[in-house]
$ cat start_31.pdb   # PDB, C-alpha atoms, pLDDT in the B column
ATOM      1  CA  MET A   1     100.274  70.499  80.924  1.00 45.00           C
ATOM      2  CA  ASN A   2     100.784  74.144  81.926  1.00 78.00           C
ATOM      3  CA  ALA A   3      97.209  74.365  83.240  1.00 78.00           C
ATOM      4  CA  ILE A   4      97.805  71.232  85.312  1.00 84.00           C
ATOM      5  CA  THR A   5     101.050  72.667  86.667  1.00 85.00           C
ATOM      6  CA  ARG A   6      99.321  75.926  87.591  1.00 86.00           C
ATOM      7  CA  ALA A   7      96.479  74.065  89.328  1.00 86.00           C
ATOM      8  CA  ALA A   8      99.012  71.990  91.256  1.00 87.00           C
ATOM      9  CA  GLY A   9     100.839  75.157  92.300  1.00 85.00           C
ATOM     10  CA  ILE A  10      97.641  76.720  93.639  1.00 89.00           C
ATOM     11  CA  ALA A  11      96.758  73.477  95.443  1.00 86.00           C
ATOM     12  CA  ARG A  12     100.182  73.549  97.069  1.00 86.00           C
ATOM     13  CA  SER A  13      99.646  77.126  98.262  1.00 84.00           C
ATOM     14  CA  LEU A  14      96.215  76.226  99.634  1.00 87.00           C
ATOM     15  CA  ALA A  15      97.703  73.289 101.523  1.00 87.00           C
ATOM     16  CA  ILE A  16     100.458  75.441 103.010  1.00 81.00           C
ATOM     17  CA  TYR A  17      98.489  78.556 103.905  1.00 85.00           C
ATOM     18  CA  ARG A  18      94.959  77.286 104.509  1.00 85.00           C
ATOM     19  CA  GLY A  19      95.291  73.549 105.095  1.00 81.00           C
ATOM     20  CA  ILE A  20      97.547  73.107 108.137  1.00 81.00           C
ATOM     21  CA  PRO A  21      95.508  72.222 111.263  1.00 77.00           C
ATOM     22  CA  GLY A  22      95.681  74.830 114.003  1.00 80.00           C
ATOM     23  CA  ARG A  23      97.350  77.532 111.913  1.00 83.00           C
ATOM     24  CA  SER A  24      94.164  79.577 111.414  1.00 87.00           C
ATOM     25  CA  ALA A  25      93.427  79.622 115.144  1.00 90.00           C
ATOM     26  CA  ARG A  26      97.019  80.610 115.918  1.00 92.00           C
ATOM     27  CA  PHE A  27      96.868  83.555 113.535  1.00 93.00           C
ATOM     28  CA  ARG A  28      93.490  84.676 114.867  1.00 95.00           C
ATOM     29  CA  ARG A  29      95.091  84.902 118.313  1.00 95.00           C
ATOM     30  CA  PHE A  30      98.101  86.726 116.901  1.00 97.00           C
ATOM     31  CA  PHE A  31      96.160  89.312 114.898  1.00 97.00           C
ATOM     32  CA  SER A  32      93.558  89.883 117.616  1.00 97.00           C
ATOM     33  CA  ALA A  33      96.215  91.992 119.357  1.00 95.00           C
ATOM     34  CA  LEU A  34      96.553  94.218 116.270  1.00 96.00           C
ATOM     35  CA  ILE A  35      93.065  94.241 114.731  1.00 97.00           C
ATOM     36  CA  ARG A  36      89.723  95.045 116.368  1.00 97.00           C
ATOM     37  CA  PRO A  37      86.187  94.412 115.111  1.00 97.00           C
ATOM     38  CA  GLY A  38      85.206  97.086 112.595  1.00 98.00           C
ATOM     39  CA  ASP A  39      88.809  97.940 111.641  1.00 98.00           C
ATOM     40  CA  LEU A  40      89.657  98.392 107.974  1.00 98.00           C
ATOM     41  CA  CYS A  41      92.542  96.206 106.764  1.00 98.00           C
ATOM     42  CA  PHE A  42      94.401  96.089 103.457  1.00 98.00           C
ATOM     43  CA  ASP A  43      95.792  92.729 102.290  1.00 98.00           C
ATOM     44  CA  ILE A  44      98.273  93.729  99.579  1.00 98.00           C
ATOM     45  CA  GLY A  45      99.302  90.519  97.862  1.00 97.00           C
ATOM     46  CA  ALA A  46      96.370  88.478  99.143  1.00 97.00           C
ATOM     47  CA  HIS A  47      97.559  85.262  97.441  1.00 95.00           C
ATOM     48  CA  VAL A  48      95.106  82.509  98.546  1.00 94.00           C
ATOM     49  CA  GLY A  49      93.303  84.776 101.021  1.00 95.00           C
ATOM     50  CA  ASN A  50      94.354  83.226 104.328  1.00 95.00           C
ATOM     51  CA  ARG A  51      95.067  86.592 105.965  1.00 96.00           C
ATOM     52  CA  SER A  52      91.909  88.202 104.577  1.00 97.00           C
ATOM     53  CA  LEU A  53      89.761  85.359 105.873  1.00 96.00           C
ATOM     54  CA  CYS A  54      91.485  85.534 109.262  1.00 96.00           C
ATOM     55  CA  TRP A  55      90.833  89.262 109.619  1.00 98.00           C
ATOM     56  CA  ALA A  56      87.243  88.954 108.435  1.00 97.00           C
ATOM     57  CA  GLY A  57      86.808  86.300 111.117  1.00 96.00           C
ATOM     58  CA  LEU A  58      87.929  88.908 113.661  1.00 97.00           C
ATOM     59  CA  GLY A  59      85.203  91.261 112.447  1.00 97.00           C
ATOM     60  CA  ALA A  60      87.411  93.491 110.295  1.00 98.00           C
ATOM     61  CA  ARG A  61      86.484  95.016 106.936  1.00 98.00           C
ATOM     62  CA  VAL A  62      89.046  93.790 104.430  1.00 98.00           C
ATOM     63  CA  VAL A  63      90.280  95.000 101.055  1.00 98.00           C
ATOM     64  CA  ALA A  64      92.120  92.080  99.442  1.00 98.00           C
ATOM     65  CA  VAL A  65      94.374  93.087  96.537  1.00 98.00           C
ATOM     66  CA  GLU A  66      95.708  90.386  94.214  1.00 98.00           C
ATOM     67  CA  PRO A  67      96.937  90.758  90.597  1.00 97.00           C
ATOM     68  CA  GLN A  68      97.415  87.088  89.616  1.00 96.00           C
ATOM     69  CA  PRO A  69      94.481  86.098  87.378  1.00 94.00           C
ATOM     70  CA  ASP A  70      94.408  82.469  88.578  1.00 94.00           C
ATOM     71  CA  LEU A  71      94.431  83.487  92.227  1.00 96.00           C
ATOM     72  CA  ALA A  72      91.860  86.233  91.671  1.00 96.00           C
ATOM     73  CA  ARG A  73      89.464  83.590  90.334  1.00 95.00           C
ATOM     74  CA  LEU A  74      90.103  81.479  93.421  1.00 95.00           C
ATOM     75  CA  LEU A  75      89.523  84.461  95.711  1.00 97.00           C
ATOM     76  CA  ARG A  76      86.249  85.365  94.026  1.00 96.00           C
ATOM     77  CA  ARG A  77      85.001  81.891  94.945  1.00 95.00           C
ATOM     78  CA  SER A  78      86.523  81.974  98.442  1.00 95.00           C
ATOM     79  CA  PHE A  79      84.996  85.361  99.264  1.00 96.00           C
ATOM     80  CA  ARG A  80      81.537  84.875  97.738  1.00 95.00           C
ATOM     81  CA  HIS A  81      79.995  84.386 101.204  1.00 94.00           C
ATOM     82  CA  GLN A  82      82.226  87.004 102.859  1.00 96.00           C
ATOM     83  CA  PRO A  83      80.467  90.394 102.561  1.00 96.00           C
ATOM     84  CA  GLY A  84      83.165  92.010 104.674  1.00 97.00           C
ATOM     85  CA  ILE A  85      85.877  91.325 102.073  1.00 98.00           C
ATOM     86  CA  THR A  86      86.267  93.386  98.893  1.00 98.00           C
ATOM     87  CA  LEU A  87      88.524  91.971  96.184  1.00 98.00           C
ATOM     88  CA  VAL A  88      90.588  94.359  94.026  1.00 98.00           C
ATOM     89  CA  GLU A  89      92.201  92.568  91.086  1.00 98.00           C
ATOM     90  CA  SER A  90      95.294  94.713  90.725  1.00 98.00           C
ATOM     91  CA  ALA A  91      98.919  95.123  91.682  1.00 98.00           C
ATOM     92  CA  VAL A  92     100.026  98.052  93.843  1.00 98.00           C
ATOM     93  CA  GLY A  93     102.975 100.321  93.093  1.00 98.00           C
ATOM     94  CA  ALA A  94     104.381 103.827  93.163  1.00 98.00           C
ATOM     95  CA  ALA A  95     102.030 105.136  90.469  1.00 98.00           C
ATOM     96  CA  PRO A  96      98.892 103.910  88.666  1.00 98.00           C
ATOM     97  CA  GLY A  97      99.255 102.216  85.297  1.00 98.00           C
ATOM     98  CA  THR A  98     100.198  98.747  84.127  1.00 98.00           C
ATOM     99  CA  ALA A  99     103.205  96.517  84.789  1.00 98.00           C
ATOM    100  CA  THR A 100     104.639  93.100  83.929  1.00 98.00           C
ATOM    101  CA  LEU A 101     104.059  90.471  86.579  1.00 98.00           C
ATOM    102  CA  HIS A 102     106.544  87.574  86.526  1.00 97.00           C
ATOM    103  CA  LEU A 103     104.774  84.306  87.403  1.00 96.00           C
ATOM    104  CA  SER A 104     105.908  80.860  88.483  1.00 94.00           C
ATOM    105  CA  SER A 105     103.412  78.159  87.498  1.00 92.00           C
ATOM    106  CA  ARG A 106     104.672  75.745  90.155  1.00 91.00           C
ATOM    107  CA  ASN A 107     105.102  78.354  92.903  1.00 92.00           C
ATOM    108  CA  PRO A 108     102.498  81.132  92.604  1.00 93.00           C
ATOM    109  CA  THR A 109     103.569  82.542  95.968  1.00 92.00           C
ATOM    110  CA  VAL A 110     106.723  84.050  94.381  1.00 95.00           C
ATOM    111  CA  ALA A 111     105.055  86.122  91.637  1.00 96.00           C
ATOM    112  CA  SER A 112     106.826  89.476  91.476  1.00 97.00           C
ATOM    113  CA  LEU A 113     106.878  92.778  89.647  1.00 97.00           C
ATOM    114  CA  SER A 114     110.589  93.165  90.458  1.00 97.00           C
ATOM    115  CA  GLN A 115     113.064  91.632  88.024  1.00 96.00           C
ATOM    116  CA  ASP A 116     115.901  92.797  90.297  1.00 96.00           C
ATOM    117  CA  TRP A 117     114.417  90.817  93.200  1.00 96.00           C
ATOM    118  CA  ILE A 118     114.066  87.720  91.015  1.00 97.00           C
ATOM    119  CA  ASP A 119     117.675  88.042  89.826  1.00 96.00           C
ATOM    120  CA  THR A 120     118.877  88.381  93.430  1.00 95.00           C
ATOM    121  CA  VAL A 121     116.944  85.527  95.054  1.00 96.00           C
ATOM    122  CA  SER A 122     117.726  83.193  92.142  1.00 94.00           C
ATOM    123  CA  GLN A 123     121.291  83.056  93.458  1.00 92.00           C
ATOM    124  CA  ALA A 124     120.140  81.501  96.752  1.00 92.00           C
ATOM    125  CA  ASP A 125     119.946  77.728  97.167  1.00 91.00           C
ATOM    126  CA  SER A 126     116.411  77.969  98.531  1.00 89.00           C
ATOM    127  CA  PHE A 127     115.208  79.486  95.235  1.00 92.00           C
ATOM    128  CA  ALA A 128     117.333  77.334  92.911  1.00 89.00           C
ATOM    129  CA  SER A 129     114.440  75.164  91.722  1.00 90.00           C
ATOM    130  CA  ILE A 130     112.016  78.024  91.030  1.00 93.00           C
ATOM    131  CA  ARG A 131     111.355  79.131  87.475  1.00 94.00           C
ATOM    132  CA  TRP A 132     109.434  82.250  86.514  1.00 96.00           C
ATOM    133  CA  ASP A 133     108.002  80.803  83.328  1.00 94.00           C
ATOM    134  CA  ARG A 134     105.132  83.170  82.519  1.00 94.00           C
ATOM    135  CA  ARG A 135     104.360  86.877  82.365  1.00 96.00           C
ATOM    136  CA  ALA A 136     101.143  88.849  82.599  1.00 96.00           C
ATOM    137  CA  GLU A 137     100.384  92.517  82.088  1.00 97.00           C
ATOM    138  CA  VAL A 138      98.407  93.655  85.128  1.00 98.00           C
ATOM    139  CA  PRO A 139      96.828  96.935  86.252  1.00 98.00           C
ATOM    140  CA  VAL A 140      98.588  98.868  89.003  1.00 98.00           C
ATOM    141  CA  THR A 141      96.989 101.081  91.622  1.00 98.00           C
ATOM    142  CA  THR A 142      98.502 102.854  94.638  1.00 98.00           C
ATOM    143  CA  LEU A 143      97.960 102.797  98.382  1.00 98.00           C
ATOM    144  CA  ASP A 144      96.886 106.439  98.214  1.00 98.00           C
ATOM    145  CA  ALA A 145      94.250 105.531  95.620  1.00 98.00           C
ATOM    146  CA  LEU A 146      93.012 102.640  97.750  1.00 98.00           C
ATOM    147  CA  ILE A 147      92.816 104.955 100.773  1.00 98.00           C
ATOM    148  CA  GLU A 148      90.861 107.513  98.772  1.00 98.00           C
ATOM    149  CA  ARG A 149      88.413 104.777  97.752  1.00 98.00           C
ATOM    150  CA  PHE A 150      88.088 102.796 100.990  1.00 98.00           C
ATOM    151  CA  GLY A 151      89.584 104.857 103.834  1.00 98.00           C
ATOM    152  CA  ILE A 152      92.698 104.682 106.008  1.00 98.00           C
ATOM    153  CA  PRO A 153      93.431 101.097 107.107  1.00 98.00           C
ATOM    154  CA  ALA A 154      94.163 100.291 110.732  1.00 98.00           C
ATOM    155  CA  PHE A 155      96.460  97.558 109.444  1.00 98.00           C
ATOM    156  CA  CYS A 156      98.058  96.944 106.045  1.00 98.00           C
ATOM    157  CA  LYS A 157      99.944  93.799 105.046  1.00 98.00           C
ATOM    158  CA  ILE A 158     102.346  94.167 102.105  1.00 98.00           C
ATOM    159  CA  ASP A 159     103.717  90.887 100.762  1.00 97.00           C
ATOM    160  CA  VAL A 160     104.724  91.446  97.148  1.00 97.00           C
ATOM    161  CA  GLU A 161     108.042  89.660  96.652  1.00 96.00           C
ATOM    162  CA  GLY A 162     110.564  92.475  96.619  1.00 96.00           C
ATOM    163  CA  PHE A 163     108.220  95.247  95.474  1.00 97.00           C
ATOM    164  CA  GLU A 164     107.414  96.500  98.982  1.00 98.00           C
ATOM    165  CA  ALA A 165     109.363  99.766  98.684  1.00 98.00           C
ATOM    166  CA  GLU A 166     107.569 100.626  95.442  1.00 98.00           C
ATOM    167  CA  VAL A 167     104.206  99.948  97.091  1.00 98.00           C
ATOM    168  CA  LEU A 168     105.167 102.255  99.953  1.00 98.00           C
ATOM    169  CA  ALA A 169     106.313 104.905  97.456  1.00 98.00           C
ATOM    170  CA  GLY A 170     102.645 105.212  96.498  1.00 98.00           C
ATOM    171  CA  LEU A 171     101.727 106.131 100.086  1.00 98.00           C
ATOM    172  CA  SER A 172     101.934 109.741 101.256  1.00 97.00           C
ATOM    173  CA  ARG A 173     101.036 109.337 104.939  1.00 96.00           C
ATOM    174  CA  PRO A 174     102.014 107.024 107.808  1.00 96.00           C
ATOM    175  CA  LEU A 175      99.621 104.202 108.662  1.00 98.00           C
ATOM    176  CA  PRO A 176      98.790 103.080 112.215  1.00 97.00           C
ATOM    177  CA  CYS A 177     100.263  99.614 111.652  1.00 98.00           C
ATOM    178  CA  LEU A 178     101.634  97.696 108.686  1.00 98.00           C
ATOM    179  CA  SER A 179     103.809  94.738 107.779  1.00 98.00           C
ATOM    180  CA  VAL A 180     106.238  94.055 104.954  1.00 98.00           C
ATOM    181  CA  GLU A 181     107.727  90.734 103.963  1.00 97.00           C
ATOM    182  CA  TYR A 182     111.480  90.259 104.349  1.00 97.00           C
ATOM    183  CA  VAL A 183     113.543  87.688 102.450  1.00 96.00           C
ATOM    184  CA  PRO A 184     117.127  87.320 103.746  1.00 96.00           C
ATOM    185  CA  ALA A 185     118.354  86.401 100.260  1.00 95.00           C
ATOM    186  CA  ALA A 186     117.229  89.850  99.045  1.00 95.00           C
ATOM    187  CA  ARG A 187     117.967  92.231 101.907  1.00 95.00           C
ATOM    188  CA  PRO A 188     118.350  95.409  99.789  1.00 95.00           C
ATOM    189  CA  ALA A 189     114.625  95.301  98.934  1.00 96.00           C
ATOM    190  CA  THR A 190     113.688  95.070 102.611  1.00 97.00           C
ATOM    191  CA  LEU A 191     116.127  97.802 103.628  1.00 97.00           C
ATOM    192  CA  ALA A 192     114.585 100.090 101.008  1.00 97.00           C
ATOM    193  CA  ALA A 193     111.133  99.365 102.448  1.00 98.00           C
ATOM    194  CA  LEU A 194     112.375 100.145 105.970  1.00 97.00           C
ATOM    195  CA  ASP A 195     113.803 103.443 104.733  1.00 97.00           C
ATOM    196  CA  ARG A 196     110.438 104.382 103.240  1.00 97.00           C
ATOM    197  CA  ILE A 197     108.517 103.433 106.400  1.00 97.00           C
ATOM    198  CA  GLN A 198     110.811 105.611 108.511  1.00 96.00           C
ATOM    199  CA  ALA A 199     110.563 108.473 106.029  1.00 96.00           C
ATOM    200  CA  LEU A 200     106.775 108.424 106.427  1.00 96.00           C
ATOM    201  CA  GLY A 201     106.888 108.796 110.214  1.00 94.00           C
ATOM    202  CA  ASP A 202     108.333 107.670 113.535  1.00 94.00           C
ATOM    203  CA  SER A 203     107.728 103.939 113.978  1.00 96.00           C
ATOM    204  CA  ARG A 204     108.586 101.027 116.231  1.00 97.00           C
ATOM    205  CA  PHE A 205     109.167  97.557 114.830  1.00 98.00           C
ATOM    206  CA  GLN A 206     108.633  93.862 115.458  1.00 98.00           C
ATOM    207  CA  VAL A 207     109.440  90.693 113.514  1.00 98.00           C
ATOM    208  CA  SER A 208     107.545  87.455 112.919  1.00 98.00           C
ATOM    209  CA  VAL A 209     109.638  84.653 111.424  1.00 97.00           C
ATOM    210  CA  GLY A 210     107.992  82.408 108.844  1.00 92.00           C
ATOM    211  CA  GLU A 211     104.439  81.364 109.644  1.00 89.00           C
ATOM    212  CA  THR A 212     104.999  81.119 113.405  1.00 91.00           C
ATOM    213  CA  GLY A 213     102.208  83.543 114.287  1.00 92.00           C
ATOM    214  CA  CYS A 214     104.204  85.181 117.081  1.00 95.00           C
ATOM    215  CA  PHE A 215     106.629  88.056 117.536  1.00 97.00           C
ATOM    216  CA  LEU A 216     110.369  87.469 117.814  1.00 97.00           C
ATOM    217  CA  TRP A 217     110.970  89.956 120.640  1.00 97.00           C
ATOM    218  CA  PRO A 218     109.066  90.778 123.837  1.00 97.00           C
ATOM    219  CA  ASN A 219     109.035  94.507 122.996  1.00 97.00           C
ATOM    220  CA  TRP A 220     108.803  96.675 119.876  1.00 97.00           C
ATOM    221  CA  ARG A 221     112.199  97.999 118.747  1.00 97.00           C
ATOM    222  CA  GLU A 222     113.776 100.949 116.992  1.00 97.00           C
ATOM    223  CA  GLY A 223     114.428 100.960 113.270  1.00 96.00           C
ATOM    224  CA  HIS A 224     118.206 100.727 113.623  1.00 96.00           C
ATOM    225  CA  GLU A 225     117.809  97.588 115.744  1.00 97.00           C
ATOM    226  CA  VAL A 226     115.685  95.882 113.101  1.00 97.00           C
ATOM    227  CA  ARG A 227     118.175  96.910 110.424  1.00 97.00           C
ATOM    228  CA  ALA A 228     121.078  95.410 112.417  1.00 97.00           C
ATOM    229  CA  TRP A 229     119.117  92.196 112.969  1.00 97.00           C
ATOM    230  CA  LEU A 230     118.299  91.931 109.271  1.00 97.00           C
ATOM    231  CA  LEU A 231     121.943  92.439 108.308  1.00 96.00           C
ATOM    232  CA  SER A 232     122.945  89.623 110.686  1.00 97.00           C
ATOM    233  CA  LEU A 233     120.932  87.031 108.740  1.00 96.00           C
ATOM    234  CA  SER A 234     122.380  84.660 106.183  1.00 95.00           C
ATOM    235  CA  PRO A 235     120.768  84.366 102.727  1.00 93.00           C
ATOM    236  CA  GLU A 236     119.422  80.922 103.627  1.00 93.00           C
ATOM    237  CA  ASP A 237     117.668  82.017 106.827  1.00 95.00           C
ATOM    238  CA  ARG A 238     113.880  81.898 106.920  1.00 95.00           C
ATOM    239  CA  SER A 239     111.826  84.746 105.529  1.00 96.00           C
ATOM    240  CA  GLY A 240     109.019  86.397 107.463  1.00 97.00           C
ATOM    241  CA  ASP A 241     107.395  89.749 108.126  1.00 98.00           C
ATOM    242  CA  ILE A 242     108.529  93.011 109.690  1.00 98.00           C
ATOM    243  CA  TYR A 243     105.782  94.927 111.509  1.00 98.00           C
ATOM    244  CA  ALA A 244     105.820  98.706 111.925  1.00 98.00           C
ATOM    245  CA  ARG A 245     103.628 100.631 114.360  1.00 97.00           C
ATOM    246  CA  THR A 246     103.373 104.407 114.175  1.00 93.00           C
ATOM    247  CA  GLU A 247     104.424 106.187 117.362  1.00 76.00           C
ATOM    248  CA  GLY A 248     102.470 109.109 118.713  1.00 60.00           C
TER     249      GLY A 248
END
$ encode --input "start_31.pdb" --output "structure tokens"
Amino acid sequence: MNAITRAAGIARSLAIYRGIPGRSARFRRFFSALIRPGDLCFDIGAHVGNRSLCWAGLGARVVAVEPQPDLARLLRRSFRHQPGITLVESAVGAAPGTATLHLSSRNPTVASLSQDWIDTVSQADSFASIRWDRRAEVPVTTLDALIERFGIPAFCKIDVEGFEAEVLAGLSRPLPCLSVEYVPAARPATLAALDRIQALGDSRFQVSVGETGCFLWPNWREGHEVRAWLLSLSPEDRSGDIYARTEG
């Protein structure tokens, strides 16, 4: 039964992230303003590979990083005819090693290395039905190690369910452009990630809510403005991504 539940969870993710008509084209338009042909991109928390496939379609070289064994098997099949995508089957954190990944068989999109994040979001109505029913010991690498191996990415997506600040702790230099997921039900994790981004260098910020494939504001904003906006949200507001672009 557990194998069936896990397969159903992956099918659900595929339907949401790769099966909605028009979504792929919308995201190609969105990312074409951030990513140029030949750019190197890191997809940290690749999940079912929708972002990696989008960027490869724009002509980028992609490093897709995913620690979930079930999803890594899916990605190996999805990327077998994609020479521009390299799969790294690992988590990313502040230091290399191993860590416990908390998994939800029904909802693989919420796998997390952060027990604090799980404890926090579990109090929100939108997460009430989710159960983290499995664990897996996974290898952990760092952004610095990935940069040493592959080079400095022009864009880096970090979507790791509350572990974004720890991922950024393993980075010792600012990147040209990156994104981190925000979840209003767990704002402390996002605020910690914002602090780390600003500590790395002067940045301007944008927000994309949910899977809209567009920016919230007409212009990039200062860090304190994004922080104030984040603090204005209720725990049940939609999650999304915060984008940071290095100034200078």
$ closest_residue --input "start_31.pdb" --among "A:Cys177, A:Arg80, A:Glu247, A:Leu194" --to "Lys157 in chain A" --atoms "all atoms listed in the file"
A:Cys177
$ resolve_selection --input "start_31.pdb" --expression "the PyMOL selection byres ((chain A and resi 31) around 12)" --output "PyMOL selection string"
chain A and resi 24-30+32-37+39+41+51-60+154-157+177-179+208+213-215+243
$ atom_distance --input "start_31.pdb" --atom1 "CA of Pro176 in chain A" --atom2 "CA of Arg245 in chain A"
5.8 Å
$ resolve_selection --input "start_31.pdb" --expression "the PyMOL selection byres ((chain A and resi 101) around 8)" --output "list in words"
Ala99, Thr100, His102, Leu103, Ala111, Ser112, Leu113, Arg135, Ala136, Glu137 and Val138 of chain A
$ write_last_selection --input "start_31.pdb" --atoms "C-alpha atoms" --output "PDB file, in the coordinates of the input"
ATOM      1  CA  ALA A  99     103.205  96.517  84.789  1.00 98.00           C
ATOM      2  CA  THR A 100     104.639  93.100  83.929  1.00 98.00           C
ATOM      3  CA  HIS A 102     106.544  87.574  86.526  1.00 97.00           C
ATOM      4  CA  LEU A 103     104.774  84.306  87.403  1.00 96.00           C
ATOM      5  CA  ALA A 111     105.055  86.122  91.637  1.00 96.00           C
ATOM      6  CA  SER A 112     106.826  89.476  91.476  1.00 97.00           C
ATOM      7  CA  LEU A 113     106.878  92.778  89.647  1.00 97.00           C
ATOM      8  CA  ARG A 135     104.360  86.877  82.365  1.00 96.00           C
ATOM      9  CA  ALA A 136     101.143  88.849  82.599  1.00 96.00           C
ATOM     10  CA  GLU A 137     100.384  92.517  82.088  1.00 97.00           C
ATOM     11  CA  VAL A 138      98.407  93.655  85.128  1.00 98.00           C
TER      12      VAL A 138
END
$ resolve_selection --input "start_31.pdb" --expression "the PyMOL selection byres ((chain A and resi 118) around 10)" --output "CSV table (one decimal) with C-alpha atoms, in the frame of the given file"
chain,number,residue,atom,x,y,z
A,102,HIS,CA,106.5,87.6,86.5
A,110,VAL,CA,106.7,84.0,94.4
A,111,ALA,CA,105.1,86.1,91.6
A,112,SER,CA,106.8,89.5,91.5
A,113,LEU,CA,106.9,92.8,89.6
A,114,SER,CA,110.6,93.2,90.5
A,115,GLN,CA,113.1,91.6,88.0
A,116,ASP,CA,115.9,92.8,90.3
A,117,TRP,CA,114.4,90.8,93.2
A,119,ASP,CA,117.7,88.0,89.8
A,120,THR,CA,118.9,88.4,93.4
A,121,VAL,CA,116.9,85.5,95.1
A,122,SER,CA,117.7,83.2,92.1
A,123,GLN,CA,121.3,83.1,93.5
A,127,PHE,CA,115.2,79.5,95.2
A,130,ILE,CA,112.0,78.0,91.0
A,131,ARG,CA,111.4,79.1,87.5
A,132,TRP,CA,109.4,82.2,86.5
A,161,GLU,CA,108.0,89.7,96.7
A,162,GLY,CA,110.6,92.5,96.6
A,186,ALA,CA,117.2,89.8,99.0
$ residues_around --input "start_31.pdb" --residues "Asp70 in chain A" --least-positions-apart "2" --cutoff "9 Å" --atoms "only C-alpha atoms" --output "count of residues only"
9
$ closest_residue --input "start_31.pdb" --among "A:Ala8, A:Ala128, A:Ala189, A:Ala95" --to "Ser172 in chain A" --atoms "all atoms listed in the file"
A:Ala95
$ residues_around --input "start_31.pdb" --residues "Thr141 in chain A" --least-positions-apart "4" --cutoff "10 Å" --atoms "only C-alpha atoms" --output "list in words"
Val65, Val88, Glu89, Ser90, Ala91, Val92, Gly93, Ala94, Ala95, Pro96, Gly97, Thr98, Ala145, Leu146, Val167 and Gly170 of chain A
$ write_last_selection --input "start_31.pdb" --atoms "C-alpha atoms" --output "short mmCIF file (atom, residue, chain, number, x, y, z; two decimals), in the coordinates of the input"
data_model
loop_
_atom_site.label_atom_id
_atom_site.label_comp_id
_atom_site.auth_asym_id
_atom_site.auth_seq_id
_atom_site.Cartn_x
_atom_site.Cartn_y
_atom_site.Cartn_z
CA VAL A 65 94.37 93.09 96.54
CA VAL A 88 90.59 94.36 94.03
CA GLU A 89 92.20 92.57 91.09
CA SER A 90 95.29 94.71 90.72
CA ALA A 91 98.92 95.12 91.68
CA VAL A 92 100.03 98.05 93.84
CA GLY A 93 102.98 100.32 93.09
CA ALA A 94 104.38 103.83 93.16
CA ALA A 95 102.03 105.14 90.47
CA PRO A 96 98.89 103.91 88.67
CA GLY A 97 99.26 102.22 85.30
CA THR A 98 100.20 98.75 84.13
CA ALA A 145 94.25 105.53 95.62
CA LEU A 146 93.01 102.64 97.75
CA VAL A 167 104.21 99.95 97.09
CA GLY A 170 102.64 105.21 96.50
#
$ atom_distance --input "start_31.pdb" --atom1 "CA of Ala15 in chain A" --atom2 "CA of Glu166 in chain A"
29.7 Å
$ residues_around --input "start_31.pdb" --residues "Glu164 in chain A" --least-positions-apart "5" --cutoff "8 Å" --atoms "all atoms listed in the file" --output "number ranges by chain"
A: 158-159, 180-181, 189-190, 193
$ closest_residue --input "start_31.pdb" --among "A:Thr5, A:Thr86, A:Ser104, A:Asn50" --to "Glu211 in chain A" --atoms "only C-alpha atoms"
A:Asn50
$ closest_residue --input "start_31.pdb" --among "A:Val183, A:Ala3, A:Leu200, A:Ile85" --to "Phe42 in chain A" --atoms "only C-alpha atoms"
A:Ile85
$ atom_distance --input "start_31.pdb" --atom1 "CA of Thr142 in chain A" --atom2 "CA of Arg61 in chain A"
18.9 Å
$ closest_residue --input "start_31.pdb" --among "A:Leu233, A:Val140, A:Ala244, A:Val62" --to "Arg221 in chain A" --atoms "only C-alpha atoms"
A:Ala244
$ closest_residue --input "start_31.pdb" --among "A:Arg173, A:Arg227, A:Arg106, A:His81" --to "Gly9 in chain A" --atoms "all atoms listed in the file"
A:Arg106
$ decode --input "start_31.pdb" --residues "range 155-164 of chain A" --atoms "N, CA and C atoms" --output "PDB file, in the first residue's frame"
ATOM      1  N   PHE A 155      21.809  31.728 -12.264  1.00  0.00           N
ATOM      2  CA  PHE A 155      20.560  31.706 -11.497  1.00  0.00           C
ATOM      3  C   PHE A 155      20.530  30.430 -10.661  1.00  0.00           C
ATOM      4  N   CYS A 156      20.022  30.557  -9.434  1.00  0.00           N
ATOM      5  CA  CYS A 156      19.931  29.418  -8.520  1.00  0.00           C
ATOM      6  C   CYS A 156      18.574  29.450  -7.831  1.00  0.00           C
ATOM      7  N   LYS A 157      17.793  28.412  -8.023  1.00  0.00           N
ATOM      8  CA  LYS A 157      16.512  28.257  -7.334  1.00  0.00           C
ATOM      9  C   LYS A 157      16.709  27.378  -6.104  1.00  0.00           C
ATOM     10  N   ILE A 158      16.224  27.840  -4.949  1.00  0.00           N
ATOM     11  CA  ILE A 158      16.327  27.069  -3.713  1.00  0.00           C
ATOM     12  C   ILE A 158      14.922  26.882  -3.147  1.00  0.00           C
ATOM     13  N   ASP A 159      14.427  25.674  -3.245  1.00  0.00           N
ATOM     14  CA  ASP A 159      13.071  25.348  -2.777  1.00  0.00           C
ATOM     15  C   ASP A 159      13.183  24.065  -1.970  1.00  0.00           C
ATOM     16  N   VAL A 160      13.428  24.224  -0.662  1.00  0.00           N
ATOM     17  CA  VAL A 160      13.772  23.066   0.172  1.00  0.00           C
ATOM     18  C   VAL A 160      12.981  23.036   1.477  1.00  0.00           C
ATOM     19  N   GLU A 161      11.791  23.583   1.458  1.00  0.00           N
ATOM     20  CA  GLU A 161      10.854  23.461   2.573  1.00  0.00           C
ATOM     21  C   GLU A 161      11.468  23.824   3.919  1.00  0.00           C
ATOM     22  N   GLY A 162      11.809  25.105   4.061  1.00  0.00           N
ATOM     23  CA  GLY A 162      12.270  25.615   5.338  1.00  0.00           C
ATOM     24  C   GLY A 162      13.744  25.466   5.619  1.00  0.00           C
ATOM     25  N   PHE A 163      14.500  24.898   4.681  1.00  0.00           N
ATOM     26  CA  PHE A 163      15.934  24.690   4.880  1.00  0.00           C
ATOM     27  C   PHE A 163      16.752  25.683   4.055  1.00  0.00           C
ATOM     28  N   GLU A 164      16.097  26.719   3.541  1.00  0.00           N
ATOM     29  CA  GLU A 164      16.770  27.657   2.639  1.00  0.00           C
ATOM     30  C   GLU A 164      17.948  28.377   3.301  1.00  0.00           C
TER      31      GLU A 164
END
